[in-house]
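Read the structure below first, then the notes.
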Amino acid sequence: MKKSFILFLVFVLFSFQLPVQSCTTAIISGKATIDGRPLILKHRDADALQNRLVFFTDGKYKYIGLVNSHDTANAEVWAGFNETGFGIMNSASYNLRLKDTSKLKDLEGVIMKKALQVCASLEDFEKLLTELPKPLGVEANFGVVDAHGGVAYYEVDNYKFIKFDANDPVTAPNGYIIRTNYSFAGEENQGAGYIRYQTASKVFTDKYEEGKFSFDFLLNDIPRCLTHSFTNENLLEKMPDNSEDTRYVYFRDYIPRYFSSAAVVIQGVVPGESPKLATMWTILGFPLSSVAVPVWITDEGKLPQILQGNEKGIAPLCDLALKLKDNMFSTQKDARENYINLAAVANKDKTGILQKLAPIEEEVLNKAKNQISAWRENGFDNTGAVDFYNWIDGNLLKEIKTRFKME
């Protein structure tokens, strides 16, 4: 295995120019969720703004993964889960390898793909990290969940890993852990994402005081958070009167940012429950201009077509979200990444893009919740999952285009 894996790493290194990852992530133990099911979140920031989902059958287990659209070989996975209920995501870390001279790097997506192929538990992942040839070519915080109630972070460099268990009351007294782009085992005040970490921590703390967490919270309150922990600003408190107000506001170091390309929440199962009920809620494209869609592992590998690559390799939902996103940002080069037209996002007339998408997403989530509730009572129904996907394909893009008067 080691020889073939090394050859694969070499192929990947010379086939792709890998994006810089700058993500906000979190893991939550089942002890801290409203239904006892663990959760992991990846709010993804990357140079690759076009993402798609792929159903894989190239390993020991079937799995679904988030893939860059330009990755025609499907060589890397940036978040995903498999038929055993094992799920994984990551955030890049920039303070674990400051004294490491190895040139092998940016292979996090390769490691996650390999994990989804062969792992069914946290222990399997630990074994994989131990047995893979070194250096690993990674510097990351991997968030992992399994069907046995396990949920943990692994801060991993080229040669070793340190585990942070969300079920450990010493490590995670409130049952959750957050990571951005530095590791707690790394050098202090190095790396990146400290402001985003503080922002997410404040949101989690406020929610924890209200009660336990749900997947809805992770989808809405983190990827679409418009508060800033350093400046103490809340953009939603500054909403313009209507969409005609085209003033731009400074938009840097918020959790969503210009390079936000997707958000994924993987909801595990309670111990003893069928892993077929594990769900990956996926927001393809810019989270402020897209909607969440759930997916499950089906027998025949079915997925909604709007989440998969078309003849150009582009997922239609992601592409549509990026077109809506263009209305939020200036075409002026200096301003494009750092300023946002807040009225296009949200305004007091409720005609902002995020506001107009909200009822569409609510319809999707409510329909999915009803479907999942029935499965938890009667068992997973493959036909029901396929019917749900067909409903998504037949209605979602049509509703969005109608709402925004797009062709």
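How things are named: the first chain in the structure tokens is A, the next is B, and so on; residues count from 1 in each chain; ligands count from 1 in the order shown.
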
- Task: Using only C-alpha atoms, determine which residues lie at most 9 Å from Thr57 (chain A), disregarding the query and same-chain residues fewer than 3 positions distant; provide the list as a list in words.
- Result: Lys60, Tyr61, Lys62, Tyr63, Gln117 and Gly301 of chain A

Those same residues, written as an mmCIF file, in the first residue's frame with C-alpha atoms?
```
data_model
loop_
_atom_site.group_PDB
_atom_site.id
_atom_site.type_symbol
_atom_site.label_atom_id
_atom_site.label_comp_id
_atom_site.auth_asym_id
_atom_site.auth_seq_id
_atom_site.Cartn_x
_atom_site.Cartn_y
_atom_site.Cartn_z
ATOM 1 C CA LYS A 60 -13.487 -0.350 0.687
ATOM 2 C CA TYR A 61 -16.526 1.795 1.420
ATOM 3 C CA LYS A 62 -18.848 3.897 -0.724
ATOM 4 C CA TYR A 63 -18.587 7.583 0.096
ATOM 5 C CA GLN A 117 -12.076 4.847 1.391
ATOM 6 C CA GLY A 301 -24.902 6.106 -5.950
#
```

Write out as a short mmCIF file (atom, residue, chain, number, x, y, z; two decimals) with N, CA and C atoms, in the first residue's frame each polymer residue whose atoms come within 6 Å of Gly143 (chain A), counting only C-alpha atoms; drop sequence neighbours fewer than 2 positions from it.
```cif
data_model
loop_
_atom_site.label_atom_id
_atom_site.label_comp_id
_atom_site.auth_asym_id
_atom_site.auth_seq_id
_atom_site.Cartn_x
_atom_site.Cartn_y
_atom_site.Cartn_z
N ILE A 88 -15.44 13.12 7.71
CA ILE A 88 -14.20 13.84 7.95
C ILE A 88 -14.21 15.18 7.23
N MET A 89 -13.55 16.16 7.82
CA MET A 89 -13.31 17.46 7.22
C MET A 89 -12.02 18.01 7.81
N ASN A 90 -11.60 19.19 7.38
CA ASN A 90 -10.36 19.75 7.92
C ASN A 90 -10.35 21.26 7.87
N ALA A 152 -13.88 13.84 17.14
CA ALA A 152 -12.62 14.38 17.65
C ALA A 152 -11.90 15.17 16.57
N TYR A 153 -11.01 16.04 17.03
CA TYR A 153 -10.05 16.69 16.14
C TYR A 153 -8.72 15.97 16.25
#
```

- Task: Name all residues at most 9 Å from Asn390 (chain A) (count only C-alpha atoms; drop same-chain ones fewer than 3 positions away) and give them as a PyMOL selection string.
- Result: chain A and resi 303-305+385-387+393-395

Write out, as a CSV table (one decimal), in the first residue's frame, the residues just selected, with N, CA and C atoms.
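As a result, result-v3.csv now contains:
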```csv
chain,number,residue,atom,x,y,z
A,303,LEU,N,-27.2,11.0,-6.6
A,303,LEU,CA,-27.1,12.3,-6.0
A,303,LEU,C,-27.9,13.3,-6.8
A,304,PRO,N,-28.4,14.4,-6.2
A,304,PRO,CA,-29.0,15.4,-7.0
A,304,PRO,C,-28.1,15.9,-8.1
A,305,GLN,N,-28.6,16.0,-9.3
A,305,GLN,CA,-27.8,16.5,-10.4
A,305,GLN,C,-27.3,17.9,-10.2
A,385,ALA,N,-35.1,8.4,-0.6
A,385,ALA,CA,-34.0,9.3,-0.8
A,385,ALA,C,-33.9,9.7,-2.3
A,386,VAL,N,-34.1,8.7,-3.2
A,386,VAL,CA,-34.0,9.1,-4.6
A,386,VAL,C,-35.2,10.0,-5.0
A,387,ASP,N,-36.3,9.8,-4.5
A,387,ASP,CA,-37.5,10.7,-4.7
A,387,ASP,C,-37.2,12.1,-4.2
A,393,ASP,N,-34.0,18.3,-7.8
A,393,ASP,CA,-33.6,18.6,-9.1
A,393,ASP,C,-34.8,19.2,-9.9
A,394,GLY,N,-36.0,18.9,-9.6
A,394,GLY,CA,-37.1,19.4,-10.3
A,394,GLY,C,-37.6,20.8,-9.9
A,395,ASN,N,-37.2,21.1,-8.6
A,395,ASN,CA,-37.8,22.4,-8.1
A,395,ASN,C,-36.8,23.4,-7.6
```

- Name all residues at most 10 Å from Leu396 (chain A) (count only C-alpha atoms; drop same-chain ones fewer than 4 positions away) and give them as a ChimeraX atom specification. /A:291,293,306,317,360-361,363-364,391-392,400-402

Prev. selection, N, CA and C atoms, output as a short mmCIF file (atom, residue, chain, number, x, y, z; two decimals), in the first residue's frame:
```cif
data_model
loop_
_atom_site.label_atom_id
_atom_site.label_comp_id
_atom_site.auth_asym_id
_atom_site.auth_seq_id
_atom_site.Cartn_x
_atom_site.Cartn_y
_atom_site.Cartn_z
N VAL A 291 -28.21 27.67 -0.87
CA VAL A 291 -29.08 26.99 0.08
C VAL A 291 -28.52 25.61 0.40
N VAL A 293 -28.56 21.60 1.03
CA VAL A 293 -29.24 20.41 0.52
C VAL A 293 -28.63 19.18 1.20
N ILE A 306 -28.04 18.71 -9.52
CA ILE A 306 -27.61 20.10 -9.37
C ILE A 306 -26.41 20.24 -8.45
N LEU A 317 -26.01 24.23 -8.97
CA LEU A 317 -26.36 25.04 -7.81
C LEU A 317 -25.21 25.94 -7.40
N ILE A 360 -36.86 29.43 0.68
CA ILE A 360 -36.58 28.29 -0.21
C ILE A 360 -35.81 27.22 0.55
N GLU A 361 -34.79 27.64 1.29
CA GLU A 361 -34.03 26.68 2.08
C GLU A 361 -34.89 26.06 3.17
N GLU A 363 -38.00 25.37 3.08
CA GLU A 363 -38.82 24.32 2.48
C GLU A 363 -38.02 23.04 2.30
N VAL A 364 -36.77 23.17 1.85
CA VAL A 364 -35.90 22.00 1.67
C VAL A 364 -35.65 21.32 3.01
N TRP A 391 -37.01 15.49 -6.44
CA TRP A 391 -37.75 16.71 -6.08
C TRP A 391 -36.80 17.91 -6.06
N ILE A 392 -35.62 17.74 -5.50
CA ILE A 392 -34.62 18.81 -5.48
C ILE A 392 -34.29 19.24 -6.91
N ILE A 400 -35.37 29.22 -7.26
CA ILE A 400 -34.39 30.31 -7.08
C ILE A 400 -34.44 31.26 -8.26
N LYS A 401 -34.44 30.73 -9.46
CA LYS A 401 -34.45 31.58 -10.66
C LYS A 401 -35.73 32.40 -10.74
N THR A 402 -36.84 31.80 -10.36
CA THR A 402 -38.10 32.54 -10.35
C THR A 402 -38.06 33.68 -9.33
#
```

- Item | DSSP helix (DSSP H, G or I) residues within region 169-329 of chain A, listed as a ChimeraX atom specification | /A:194-210,215-220,235-238,275-277,287-289,305-307,316-325

Would you output that residue set with C-alpha atoms, as a compact mmCIF listing (two decimals), in the first residue's frame?
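Heads up, here's the output in result.txt:
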```
# COMPACT_ATOMS: atom_id res chain seq x y z
CA TYR A 194 -7.78 34.08 15.43
CA ILE A 195 -10.53 36.63 14.83
CA ARG A 196 -12.77 34.03 13.19
CA TYR A 197 -12.10 31.67 16.09
CA GLN A 198 -13.18 34.31 18.60
CA THR A 199 -16.28 35.12 16.54
CA ALA A 200 -17.33 31.47 16.35
CA SER A 201 -16.58 30.99 20.06
CA LYS A 202 -18.87 33.87 20.99
CA VAL A 203 -21.69 32.49 18.82
CA PHE A 204 -21.26 29.03 20.35
CA THR A 205 -21.17 30.41 23.89
CA ASP A 206 -24.37 32.38 23.36
CA LYS A 207 -26.10 29.35 21.86
CA TYR A 208 -24.86 27.05 24.62
CA GLU A 209 -26.49 29.26 27.21
CA GLU A 210 -29.81 28.88 25.37
CA PHE A 215 -27.51 21.01 12.66
CA ASP A 216 -29.65 24.05 11.75
CA PHE A 217 -27.53 26.15 14.07
CA LEU A 218 -24.34 25.06 12.34
CA LEU A 219 -25.78 25.79 8.90
CA ASN A 220 -27.18 29.21 9.69
CA LEU A 235 -23.70 44.06 10.01
CA LEU A 236 -27.31 43.01 10.47
CA GLU A 237 -27.71 45.91 12.89
CA LYS A 238 -26.66 48.25 10.07
CA PRO A 275 -25.25 4.50 9.53
CA LYS A 276 -27.47 4.90 6.48
CA LEU A 277 -29.12 7.74 8.43
CA PRO A 287 -23.03 30.50 1.81
CA LEU A 288 -24.72 33.93 1.70
CA SER A 289 -26.10 33.22 -1.77
CA GLN A 305 -27.82 16.45 -10.42
CA ILE A 306 -27.61 20.10 -9.37
CA LEU A 307 -24.88 19.17 -6.87
CA PRO A 316 -25.44 23.97 -11.35
CA LEU A 317 -26.36 25.04 -7.81
CA CYS A 318 -22.82 26.22 -7.09
CA ASP A 319 -22.69 28.13 -10.36
CA LEU A 320 -26.02 29.83 -9.68
CA ALA A 321 -24.89 30.78 -6.16
CA LEU A 322 -21.75 32.39 -7.56
CA LYS A 323 -23.82 34.41 -10.02
CA LEU A 324 -25.96 35.72 -7.16
CA LYS A 325 -22.79 36.42 -5.18
```

- Using only C-alpha atoms, which of the listed residues (A:Ile40, A:Ile266, A:Asn68, A:Gly191) sits closest to Pro294 (chain A)? A:Ile266

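Nearest residue to Val249 (chain A), choosing from A:Phe142, A:Trp375, A:Trp296, A:Tyr339 and counting only C-alpha atoms: A:Tyr339.
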
- Task: Point out the residue among A:Gln190, A:Ser121, A:Thr331, A:Thr130 with the least atom-to-atom distance to Ile162 (chain A), counting only C-alpha atoms.
- Result: A:Thr130

- Fewer than 6 positions away in the same chain doesn't count, so skip those; otherwise give me all residues within 9 Å of Asn51 (chain A), counting only C-alpha atoms, as a list in words. Leu66, Val67, Asn68, Ser69, His70, Ser261, Ala262, Leu284, Gly285, Leu307, Gln308, Gly309, Ile314, Ala315, Cys318 and Asp319 of chain A

Keeping only N, CA and C atoms, write the selected residues as a compact mmCIF listing (two decimals), in the first residue's frame.
```txt
# COMPACT_ATOMS: atom_id res chain seq x y z
N LEU A 66 -16.88 16.26 -1.12
CA LEU A 66 -16.84 17.60 -1.71
C LEU A 66 -15.53 17.73 -2.47
N VAL A 67 -15.63 18.08 -3.76
CA VAL A 67 -14.48 18.07 -4.66
C VAL A 67 -14.39 19.40 -5.40
N ASN A 68 -13.19 19.88 -5.64
CA ASN A 68 -13.01 21.05 -6.49
C ASN A 68 -13.44 20.72 -7.91
N SER A 69 -14.17 21.61 -8.55
CA SER A 69 -14.68 21.32 -9.89
C SER A 69 -13.56 21.12 -10.91
N HIS A 70 -12.43 21.80 -10.71
CA HIS A 70 -11.33 21.65 -11.66
C HIS A 70 -10.55 20.35 -11.48
N SER A 261 -16.32 29.15 -0.17
CA SER A 261 -16.75 28.39 -1.35
C SER A 261 -17.76 27.29 -1.06
N ALA A 262 -17.97 26.97 0.21
CA ALA A 262 -18.94 25.92 0.55
C ALA A 262 -19.04 25.84 2.07
N LEU A 284 -23.42 24.48 -1.36
CA LEU A 284 -22.44 24.65 -2.43
C LEU A 284 -22.37 26.11 -2.85
N GLY A 285 -21.15 26.61 -3.01
CA GLY A 285 -20.98 27.99 -3.42
C GLY A 285 -20.93 28.92 -2.21
N LEU A 307 -26.06 19.15 -7.72
CA LEU A 307 -24.88 19.17 -6.87
C LEU A 307 -23.68 18.51 -7.52
N GLN A 308 -23.90 17.86 -8.66
CA GLN A 308 -22.83 17.16 -9.37
C GLN A 308 -22.34 17.98 -10.55
N GLY A 309 -21.17 17.62 -11.05
CA GLY A 309 -20.63 18.32 -12.20
C GLY A 309 -21.42 18.02 -13.46
N ILE A 314 -19.15 21.54 -13.78
CA ILE A 314 -19.64 22.55 -12.86
C ILE A 314 -20.97 22.09 -12.25
N ALA A 315 -21.11 22.23 -10.94
CA ALA A 315 -22.38 21.92 -10.28
C ALA A 315 -23.34 23.09 -10.48
N CYS A 318 -23.99 25.41 -7.43
CA CYS A 318 -22.82 26.22 -7.09
C CYS A 318 -22.67 27.38 -8.06
N ASP A 319 -22.84 27.10 -9.34
CA ASP A 319 -22.69 28.13 -10.36
C ASP A 319 -23.73 29.23 -10.19
```

- Message: Let me make sure I understand: among A:Ala147, A:Val156, A:Ala185, A:Ala192, which one has the smallest atom-to-atom distance to Ser274 (chain A) if we use only C-alpha atoms?
- Response: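 With only C-alpha atoms as the atom set, the closest residue is A:Ala147.
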
- Skipping near chain neighbours, those fewer than 3 positions away, what residues fall within 12 Å of Tyr248 (chain A) using only C-alpha atoms, listed as a PyMOL selection string? chain A and resi 235+238-240+243-245+251+327-330+332+335-345

Selected residues written out with N, CA and C atoms, as an mmCIF file, in the first residue's frame:
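Saved result, part-v4.cif, follows:
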```
data_model
loop_
_atom_site.group_PDB
_atom_site.id
_atom_site.type_symbol
_atom_site.label_atom_id
_atom_site.label_comp_id
_atom_site.auth_asym_id
_atom_site.auth_seq_id
_atom_site.Cartn_x
_atom_site.Cartn_y
_atom_site.Cartn_z
ATOM 1 N N LEU A 235 -23.224 43.417 11.234
ATOM 2 C CA LEU A 235 -23.704 44.059 10.014
ATOM 3 C C LEU A 235 -25.225 44.050 9.916
ATOM 4 N N LYS A 238 -26.887 47.083 10.925
ATOM 5 C CA LYS A 238 -26.658 48.250 10.069
ATOM 6 C C LYS A 238 -27.361 48.104 8.728
ATOM 7 N N MET A 239 -28.379 47.281 8.684
ATOM 8 C CA MET A 239 -29.024 46.986 7.411
ATOM 9 C C MET A 239 -29.564 48.251 6.745
ATOM 10 N N PRO A 240 -29.285 48.443 5.456
ATOM 11 C CA PRO A 240 -29.875 49.562 4.710
ATOM 12 C C PRO A 240 -31.386 49.396 4.612
ATOM 13 N N SER A 243 -32.855 47.645 -1.161
ATOM 14 C CA SER A 243 -31.793 47.168 -2.052
ATOM 15 C C SER A 243 -31.225 48.263 -2.949
ATOM 16 N N GLU A 244 -31.843 49.439 -2.948
ATOM 17 C CA GLU A 244 -31.338 50.529 -3.772
ATOM 18 C C GLU A 244 -30.096 51.178 -3.165
ATOM 19 N N ASP A 245 -29.873 50.944 -1.898
ATOM 20 C CA ASP A 245 -28.697 51.500 -1.217
ATOM 21 C C ASP A 245 -27.476 50.672 -1.611
ATOM 22 N N PHE A 251 -15.376 44.317 4.647
ATOM 23 C CA PHE A 251 -15.779 42.928 4.846
ATOM 24 C C PHE A 251 -14.535 42.040 4.881
ATOM 25 N N ASN A 327 -23.566 39.947 -7.292
ATOM 26 C CA ASN A 327 -24.325 41.155 -6.971
ATOM 27 C C ASN A 327 -23.914 41.762 -5.635
ATOM 28 N N MET A 328 -23.177 40.989 -4.843
ATOM 29 C CA MET A 328 -22.775 41.457 -3.518
ATOM 30 C C MET A 328 -21.407 42.133 -3.514
ATOM 31 N N PHE A 329 -20.622 41.896 -4.552
ATOM 32 C CA PHE A 329 -19.247 42.392 -4.563
ATOM 33 C C PHE A 329 -18.992 43.267 -5.786
ATOM 34 N N SER A 330 -18.099 44.203 -5.623
ATOM 35 C CA SER A 330 -17.759 45.130 -6.697
ATOM 36 C C SER A 330 -16.885 44.453 -7.741
ATOM 37 N N GLN A 332 -14.670 46.253 -9.150
ATOM 38 C CA GLN A 332 -13.429 47.022 -9.015
ATOM 39 C C GLN A 332 -12.396 46.165 -8.286
ATOM 40 N N ALA A 335 -11.343 46.639 -4.581
ATOM 41 C CA ALA A 335 -12.432 46.544 -3.604
ATOM 42 C C ALA A 335 -13.051 45.154 -3.528
ATOM 43 N N ARG A 336 -12.858 44.340 -4.555
ATOM 44 C CA ARG A 336 -13.664 43.134 -4.718
ATOM 45 C C ARG A 336 -13.605 42.192 -3.510
ATOM 46 N N GLU A 337 -12.457 41.943 -2.958
ATOM 47 C CA GLU A 337 -12.333 40.959 -1.886
ATOM 48 C C GLU A 337 -12.642 41.519 -0.505
ATOM 49 N N ASN A 338 -12.592 42.839 -0.354
ATOM 50 C CA ASN A 338 -12.622 43.423 0.986
ATOM 51 C C ASN A 338 -13.862 44.250 1.310
ATOM 52 N N TYR A 339 -14.768 44.411 0.344
ATOM 53 C CA TYR A 339 -15.956 45.225 0.584
ATOM 54 C C TYR A 339 -17.180 44.496 0.041
ATOM 55 N N ILE A 340 -18.308 44.660 0.737
ATOM 56 C CA ILE A 340 -19.526 43.980 0.316
ATOM 57 C C ILE A 340 -20.688 44.967 0.304
ATOM 58 N N ASN A 341 -21.565 44.802 -0.674
ATOM 59 C CA ASN A 341 -22.783 45.593 -0.775
ATOM 60 C C ASN A 341 -23.801 44.976 0.177
ATOM 61 N N LEU A 342 -23.895 45.523 1.370
ATOM 62 C CA LEU A 342 -24.713 44.913 2.408
ATOM 63 C C LEU A 342 -26.181 44.836 2.022
ATOM 64 N N ALA A 343 -26.678 45.848 1.302
ATOM 65 C CA ALA A 343 -28.090 45.838 0.909
ATOM 66 C C ALA A 343 -28.416 44.663 0.001
ATOM 67 N N ALA A 344 -27.423 44.216 -0.771
ATOM 68 C CA ALA A 344 -27.635 43.061 -1.636
ATOM 69 C C ALA A 344 -27.732 41.771 -0.824
ATOM 70 N N VAL A 345 -27.144 41.763 0.363
ATOM 71 C CA VAL A 345 -27.208 40.602 1.250
ATOM 72 C C VAL A 345 -28.493 40.621 2.059
#
```

- Item | For Glu399 (chain A), the nearest of the candidates A:Pro359, A:Asn382, A:Pro256, A:Asn366, counting only C-alpha atoms | A:Pro359

- Task: Mind giving me the straight-line distance from CA of Asp299 (chain A) to CA of Tyr389 (chain A) in Å, one decimal?
- Result: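 It comes out at 13.5 Å.
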
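Among the candidates A:Ser214, A:Asn167, A:Asn378, A:Ser22, the residue lying nearest to Ala46 (chain A) is A:Ser22 (atoms considered: only C-alpha atoms).
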
- Interatomic distance between CA of Phe161 (chain A) and CA of Glu76 (chain A)?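 Distance between the two atoms: 20.6 Å.
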
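Inside region 188-376 of chain A, the residues DSSP reads as strand (DSSP E) when given the backbone are Thr227, His228, Glu233, Asn234, Tyr248, Val249, Tyr250, Ser260, Ser261, Ala262, Ala263, Val264, Val265, Ile266, Gln267, Thr279, Met280, Trp281, Thr282, Ile283, Leu284, Ala292, Val293, Pro294, Val295, Tyr339, Ile340 and Asn341 of chain A.
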
- Query: By how many Å are CA of Asp349 (chain A) and CA of Asp241 (chain A) apart?
  - Reply: 6.3 Å

- Task: Considering only C-alpha atoms, return as a list in words whatever protein or nucleic-acid residues lie within 10 Å of Val151 (chain A), sequence-local ones (same chain, fewer than 4 positions apart) excluded.
- Result: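 In the requested format, the answer is Ile27, Ile28, Ser29, Gly30, Pro38, Leu39, Ile40, Phe86, Gly87, Ile88, Ser121, Leu122, Gly143, Val144, Val145, Asp146, Ala147, Phe164, Asp165, Ala166, Asn167, Asp168, Gly175, Tyr176, Ile177 and Gly268 of chain A.
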
Please produce a file of those selected residues containing N, CA and C atoms, as a PDB file, in the first residue's frame.
```
ATOM      1  N   ILE A  27     -16.625  20.834  15.878  1.00  0.00           N
ATOM      2  CA  ILE A  27     -17.160  19.494  16.130  1.00  0.00           C
ATOM      3  C   ILE A  27     -17.971  19.554  17.416  1.00  0.00           C
ATOM      4  N   ILE A  28     -19.053  18.775  17.463  1.00  0.00           N
ATOM      5  CA  ILE A  28     -19.936  18.774  18.630  1.00  0.00           C
ATOM      6  C   ILE A  28     -20.255  17.326  19.010  1.00  0.00           C
ATOM      7  N   SER A  29     -20.026  16.986  20.258  1.00  0.00           N
ATOM      8  CA  SER A  29     -20.377  15.671  20.768  1.00  0.00           C
ATOM      9  C   SER A  29     -21.892  15.511  20.795  1.00  0.00           C
ATOM     10  N   GLY A  30     -22.342  14.258  20.691  1.00  0.00           N
ATOM     11  CA  GLY A  30     -23.766  13.982  20.824  1.00  0.00           C
ATOM     12  C   GLY A  30     -24.316  14.391  22.178  1.00  0.00           C
ATOM     13  N   PRO A  38     -23.834  13.361  16.963  1.00  0.00           N
ATOM     14  CA  PRO A  38     -22.690  14.272  16.841  1.00  0.00           C
ATOM     15  C   PRO A  38     -22.711  15.019  15.519  1.00  0.00           C
ATOM     16  N   LEU A  39     -22.045  16.161  15.498  1.00  0.00           N
ATOM     17  CA  LEU A  39     -22.017  17.026  14.324  1.00  0.00           C
ATOM     18  C   LEU A  39     -20.603  17.518  14.058  1.00  0.00           C
ATOM     19  N   ILE A  40     -20.266  17.661  12.785  1.00  0.00           N
ATOM     20  CA  ILE A  40     -19.034  18.356  12.419  1.00  0.00           C
ATOM     21  C   ILE A  40     -19.361  19.361  11.312  1.00  0.00           C
ATOM     22  N   PHE A  86     -18.835   7.132   8.958  1.00  0.00           N
ATOM     23  CA  PHE A  86     -17.588   7.856   9.206  1.00  0.00           C
ATOM     24  C   PHE A  86     -17.561   9.117   8.347  1.00  0.00           C
ATOM     25  N   GLY A  87     -17.258  10.259   8.976  1.00  0.00           N
ATOM     26  CA  GLY A  87     -17.165  11.510   8.242  1.00  0.00           C
ATOM     27  C   GLY A  87     -15.905  12.266   8.613  1.00  0.00           C
ATOM     28  N   ILE A  88     -15.443  13.115   7.709  1.00  0.00           N
ATOM     29  CA  ILE A  88     -14.196  13.838   7.947  1.00  0.00           C
ATOM     30  C   ILE A  88     -14.212  15.176   7.228  1.00  0.00           C
ATOM     31  N   SER A 121     -14.035   4.168  11.705  1.00  0.00           N
ATOM     32  CA  SER A 121     -14.028   4.627  13.092  1.00  0.00           C
ATOM     33  C   SER A 121     -12.874   5.579  13.328  1.00  0.00           C
ATOM     34  N   LEU A 122     -12.914   6.263  14.458  1.00  0.00           N
ATOM     35  CA  LEU A 122     -11.789   7.112  14.843  1.00  0.00           C
ATOM     36  C   LEU A 122     -10.519   6.288  14.965  1.00  0.00           C
ATOM     37  N   GLY A 143     -11.243  17.106  11.524  1.00  0.00           N
ATOM     38  CA  GLY A 143     -12.402  16.803  12.348  1.00  0.00           C
ATOM     39  C   GLY A 143     -13.039  15.523  11.862  1.00  0.00           C
ATOM     40  N   VAL A 144     -13.245  14.568  12.778  1.00  0.00           N
ATOM     41  CA  VAL A 144     -13.707  13.234  12.394  1.00  0.00           C
ATOM     42  C   VAL A 144     -14.887  12.816  13.270  1.00  0.00           C
ATOM     43  N   VAL A 145     -15.853  12.136  12.649  1.00  0.00           N
ATOM     44  CA  VAL A 145     -16.999  11.588  13.367  1.00  0.00           C
ATOM     45  C   VAL A 145     -17.222  10.153  12.907  1.00  0.00           C
ATOM     46  N   ASP A 146     -17.705   9.290  13.803  1.00  0.00           N
ATOM     47  CA  ASP A 146     -18.038   7.930  13.379  1.00  0.00           C
ATOM     48  C   ASP A 146     -19.409   7.534  13.927  1.00  0.00           C
ATOM     49  N   ALA A 147     -19.843   6.324  13.580  1.00  0.00           N
ATOM     50  CA  ALA A 147     -21.194   5.872  13.956  1.00  0.00           C
ATOM     51  C   ALA A 147     -21.261   5.310  15.364  1.00  0.00           C
ATOM     52  N   PHE A 164      -7.872  15.584  20.075  1.00  0.00           N
ATOM     53  CA  PHE A 164      -8.692  16.399  20.958  1.00  0.00           C
ATOM     54  C   PHE A 164     -10.121  15.852  20.877  1.00  0.00           C
ATOM     55  N   ASP A 165     -10.552  15.174  21.924  1.00  0.00           N
ATOM     56  CA  ASP A 165     -11.801  14.420  21.914  1.00  0.00           C
ATOM     57  C   ASP A 165     -12.955  15.285  22.444  1.00  0.00           C
ATOM     58  N   ALA A 166     -13.987  15.469  21.637  1.00  0.00           N
ATOM     59  CA  ALA A 166     -15.134  16.284  22.055  1.00  0.00           C
ATOM     60  C   ALA A 166     -15.965  15.598  23.135  1.00  0.00           C
ATOM     61  N   ASN A 167     -15.759  14.291  23.341  1.00  0.00           N
ATOM     62  CA  ASN A 167     -16.464  13.572  24.404  1.00  0.00           C
ATOM     63  C   ASN A 167     -15.714  13.619  25.732  1.00  0.00           C
ATOM     64  N   ASP A 168     -14.523  14.179  25.727  1.00  0.00           N
ATOM     65  CA  ASP A 168     -13.705  14.284  26.928  1.00  0.00           C
ATOM     66  C   ASP A 168     -14.082  15.567  27.669  1.00  0.00           C
ATOM     67  N   GLY A 175     -18.754  20.140  25.426  1.00  0.00           N
ATOM     68  CA  GLY A 175     -19.081  19.168  24.389  1.00  0.00           C
ATOM     69  C   GLY A 175     -18.780  19.604  22.981  1.00  0.00           C
ATOM     70  N   TYR A 176     -18.087  20.715  22.797  1.00  0.00           N
ATOM     71  CA  TYR A 176     -17.740  21.146  21.440  1.00  0.00           C
ATOM     72  C   TYR A 176     -16.326  21.717  21.411  1.00  0.00           C
ATOM     73  N   ILE A 177     -15.754  21.709  20.192  1.00  0.00           N
ATOM     74  CA  ILE A 177     -14.413  22.256  19.958  1.00  0.00           C
ATOM     75  C   ILE A 177     -14.456  23.004  18.639  1.00  0.00           C
ATOM     76  N   GLY A 268     -23.935  12.833  12.351  1.00  0.00           N
ATOM     77  CA  GLY A 268     -23.758  11.414  12.570  1.00  0.00           C
ATOM     78  C   GLY A 268     -25.013  10.747  13.098  1.00  0.00           C
TER      79      GLY A 268
END
```
